[in-house]
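Worksheet for the structure shown next.
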Amino acid sequence: MSSYCDFAPGHPFHGPYHENEYGFPNDDESALFERLVLEINQAGLSWLTILKKRAAFRAAFADFEVDRVAAFGPDDTDRLLADSRIIRNRLKIEATTENARRIQALRQSHGSFVDWLEMHHPRSQEEWTRLFRQTFRFTGGQIVNEFLMSLGYLPGAHEPDCPIFARILKHSPPWARAPTRV
């Protein structure tokens, strides 16, 4: 079975993501929100489709600035549903706006989105999925798994023999700091 590490290097879209983002810890709220939104939008589609539309998503969703997206209303939903550059799925669009509001609530209760993640780490993938379903909208098991792997909360983003694996370890991803319960 081929892994992402086998086919992503050198690809114009997958390559840069694989080599510079996938599996690397990140504590920037907009980057975390972007990753969550992209993973939600990927459901039922290929990751390549999402990477190709990434710039359009950034433009459509105010550079993933949580407060700006949380303020989106019905007119914004209509605007986004008419934007052929992004995935025009009402449930995903509404989940994005609502999830921005929920991240605002996490600031109040935990200080930040990353503080909330850190507070709950380590957890198994199943435990994370339950937590995300209680906290966010449109977050099933695969979405949660990919979101957490992409940010280093769960292992598996890269094969151990992938050169990027060693680079990620230098950044002390959460999964390497504490064992993940199975």
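If you're wondering about the labels, chains in the structure tokens are A, B, ... by order shown, residues count from 1 in each chain, ligands from 1 in order shown.
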Could I get the residues of range 116-156 of chain A with an atom no further than 12 Å from an atom of range 75-99 of chain A, each paired with its nearest atom pair and that distance in Å to one decimal, using only C-alpha atoms, sorted by chain and residue number, as a Markdown table?
| residue | atom | partner | partner_atom | distance |
| --- | --- | --- | --- | --- |
| A:Phe132 | CA | A:Asn99 | CA | 10.6 |
| A:Arg133 | CA | A:Asn99 | CA | 11.2 |
| A:Gln134 | CA | A:Asn99 | CA | 11.6 |
| A:Thr135 | CA | A:Asn99 | CA | 8.5 |
| A:Phe136 | CA | A:Asn99 | CA | 5.7 |
| A:Arg137 | CA | A:Ala95 | CA | 5.3 |
| A:Phe138 | CA | A:Ala95 | CA | 6.2 |
| A:Thr139 | CA | A:Ala95 | CA | 9.2 |
request  = List the neighbours of Val144 in chain A out to 10 Å using only C-alpha atoms; skip same-chain residues closer than 5 positions along the sequence, and give me the result as a PyMOL selection string.
outcome  = chain A and resi 36+39-40+125-126+128-133+138-139+149-150+154
Based on the selection just made, write N, CA, C and O atoms of those residues as a PDB file, in the first residue's frame.
ATOM      1  N   LEU A  36      -8.926  22.801  10.208  1.00  0.00           N
ATOM      2  CA  LEU A  36     -10.217  22.198  10.536  1.00  0.00           C
ATOM      3  C   LEU A  36     -11.200  22.394   9.390  1.00  0.00           C
ATOM      4  O   LEU A  36     -11.883  21.449   8.969  1.00  0.00           O
ATOM      5  N   GLU A  39     -10.234  20.194   6.391  1.00  0.00           N
ATOM      6  CA  GLU A  39     -10.544  18.777   6.628  1.00  0.00           C
ATOM      7  C   GLU A  39     -12.050  18.534   6.537  1.00  0.00           C
ATOM      8  O   GLU A  39     -12.479  17.521   5.982  1.00  0.00           O
ATOM      9  N   ILE A  40     -12.845  19.434   7.061  1.00  0.00           N
ATOM     10  CA  ILE A  40     -14.302  19.298   6.950  1.00  0.00           C
ATOM     11  C   ILE A  40     -14.718  19.319   5.488  1.00  0.00           C
ATOM     12  O   ILE A  40     -15.532  18.505   5.042  1.00  0.00           O
ATOM     13  N   GLN A 125      -7.703   8.166  19.331  1.00  0.00           N
ATOM     14  CA  GLN A 125      -8.460   8.733  18.214  1.00  0.00           C
ATOM     15  C   GLN A 125      -9.954   8.659  18.508  1.00  0.00           C
ATOM     16  O   GLN A 125     -10.688   9.609  18.245  1.00  0.00           O
ATOM     17  N   GLU A 126     -10.406   7.577  19.100  1.00  0.00           N
ATOM     18  CA  GLU A 126     -11.828   7.435  19.434  1.00  0.00           C
ATOM     19  C   GLU A 126     -12.259   8.473  20.476  1.00  0.00           C
ATOM     20  O   GLU A 126     -13.328   9.080  20.357  1.00  0.00           O
ATOM     21  N   TRP A 128     -10.791  11.382  21.050  1.00  0.00           N
ATOM     22  CA  TRP A 128     -10.761  12.690  20.381  1.00  0.00           C
ATOM     23  C   TRP A 128     -12.036  12.899  19.568  1.00  0.00           C
ATOM     24  O   TRP A 128     -12.622  13.983  19.581  1.00  0.00           O
ATOM     25  N   THR A 129     -12.438  11.869  18.840  1.00  0.00           N
ATOM     26  CA  THR A 129     -13.628  11.992  17.995  1.00  0.00           C
ATOM     27  C   THR A 129     -14.859  12.317  18.842  1.00  0.00           C
ATOM     28  O   THR A 129     -15.633  13.208  18.485  1.00  0.00           O
ATOM     29  N   ARG A 130     -15.020  11.631  19.962  1.00  0.00           N
ATOM     30  CA  ARG A 130     -16.153  11.934  20.850  1.00  0.00           C
ATOM     31  C   ARG A 130     -16.085  13.388  21.327  1.00  0.00           C
ATOM     32  O   ARG A 130     -17.091  14.098  21.327  1.00  0.00           O
ATOM     33  N   LEU A 131     -14.909  13.825  21.732  1.00  0.00           N
ATOM     34  CA  LEU A 131     -14.741  15.190  22.211  1.00  0.00           C
ATOM     35  C   LEU A 131     -15.059  16.210  21.116  1.00  0.00           C
ATOM     36  O   LEU A 131     -15.764  17.196  21.352  1.00  0.00           O
ATOM     37  N   PHE A 132     -14.543  15.986  19.916  1.00  0.00           N
ATOM     38  CA  PHE A 132     -14.802  16.915  18.813  1.00  0.00           C
ATOM     39  C   PHE A 132     -16.280  16.942  18.452  1.00  0.00           C
ATOM     40  O   PHE A 132     -16.824  18.009  18.167  1.00  0.00           O
ATOM     41  N   ARG A 133     -16.926  15.801  18.464  1.00  0.00           N
ATOM     42  CA  ARG A 133     -18.362  15.774  18.155  1.00  0.00           C
ATOM     43  C   ARG A 133     -19.174  16.544  19.186  1.00  0.00           C
ATOM     44  O   ARG A 133     -20.203  17.118  18.853  1.00  0.00           O
ATOM     45  N   PHE A 138     -19.840  18.936  12.313  1.00  0.00           N
ATOM     46  CA  PHE A 138     -19.341  18.255  11.119  1.00  0.00           C
ATOM     47  C   PHE A 138     -17.937  17.677  11.361  1.00  0.00           C
ATOM     48  O   PHE A 138     -17.014  17.879  10.572  1.00  0.00           O
ATOM     49  N   THR A 139     -17.786  16.977  12.475  1.00  0.00           N
ATOM     50  CA  THR A 139     -16.475  16.425  12.816  1.00  0.00           C
ATOM     51  C   THR A 139     -16.589  14.938  13.122  1.00  0.00           C
ATOM     52  O   THR A 139     -16.643  14.531  14.280  1.00  0.00           O
ATOM     53  N   MET A 149      -3.746  14.445  13.142  1.00  0.00           N
ATOM     54  CA  MET A 149      -2.478  13.998  12.557  1.00  0.00           C
ATOM     55  C   MET A 149      -1.769  15.157  11.876  1.00  0.00           C
ATOM     56  O   MET A 149      -0.557  15.300  11.977  1.00  0.00           O
ATOM     57  N   SER A 150      -2.549  15.998  11.185  1.00  0.00           N
ATOM     58  CA  SER A 150      -1.936  17.100  10.435  1.00  0.00           C
ATOM     59  C   SER A 150      -1.247  18.102  11.337  1.00  0.00           C
ATOM     60  O   SER A 150      -0.378  18.849  10.896  1.00  0.00           O
ATOM     61  N   LEU A 154      -1.811  13.347  16.809  1.00  0.00           N
ATOM     62  CA  LEU A 154      -1.826  11.904  16.636  1.00  0.00           C
ATOM     63  C   LEU A 154      -0.682  11.536  15.699  1.00  0.00           C
ATOM     64  O   LEU A 154      -0.386  12.277  14.752  1.00  0.00           O
TER      65      LEU A 154
END
key: Residue list (helix (DSSP H, G or I), DSSP) for range 18-137 of chain A, as a PyMOL selection string   = chain A and resi 18-20+29-42+47-52+54-60+62-64+66-70+74-81+90-110+113-120+125-135
message = Could you check the closest approach to Val37 in chain A for each of A:Ala176, A:Leu169, A:Ile143, A:Cys5 and tell me which residue wins, using only C-alpha atoms?
response =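 Once distances to Val37 in chain A are computed over only C-alpha atoms, the minimum belongs to A:Ile143.
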request  = Compile the contact shell of Gly156 in chain A as a ChimeraX atom specification: residues with an atom at most 10 Å away, counting only C-alpha atoms, same-chain residues fewer than 6 positions apart removed.
outcome  = /A:23,145-146,148-150,165,175
Using only C-alpha atoms, please write the residues we just selected to a file, as a compact mmCIF listing (two decimals), in the first residue's frame.
# COMPACT_ATOMS: atom_id res chain seq x y z
CA GLY A 23 2.31 16.63 10.90
CA ASN A 145 -8.14 11.89 12.73
CA GLU A 146 -6.72 13.85 9.80
CA LEU A 148 -5.09 15.85 14.63
CA MET A 149 -2.48 14.00 12.56
CA SER A 150 -1.94 17.10 10.43
CA PHE A 165 9.53 12.50 9.98
CA TRP A 175 2.20 12.70 20.05
message = So, with only C-alpha atoms as the atoms that count, which of A:Trp47, A:Phe61, A:Phe113, A:Phe13 lies closest to Glu29 in chain A?
response =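 Comparing A:Trp47, A:Phe61, A:Phe113, A:Phe13 against Glu29 in chain A, the winner is A:Phe113.
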ask   = When you draw a straight line from CA of Ala157 in chain A to CA of Tyr22 in chain A, how long is it in Å?
value = 6.5 Å
ask   = Which is closest to Asp28 in chain A among A:Ala178, A:Val114, A:Ala60, A:Ala166, if we use only C-alpha atoms?
value = A:Val114
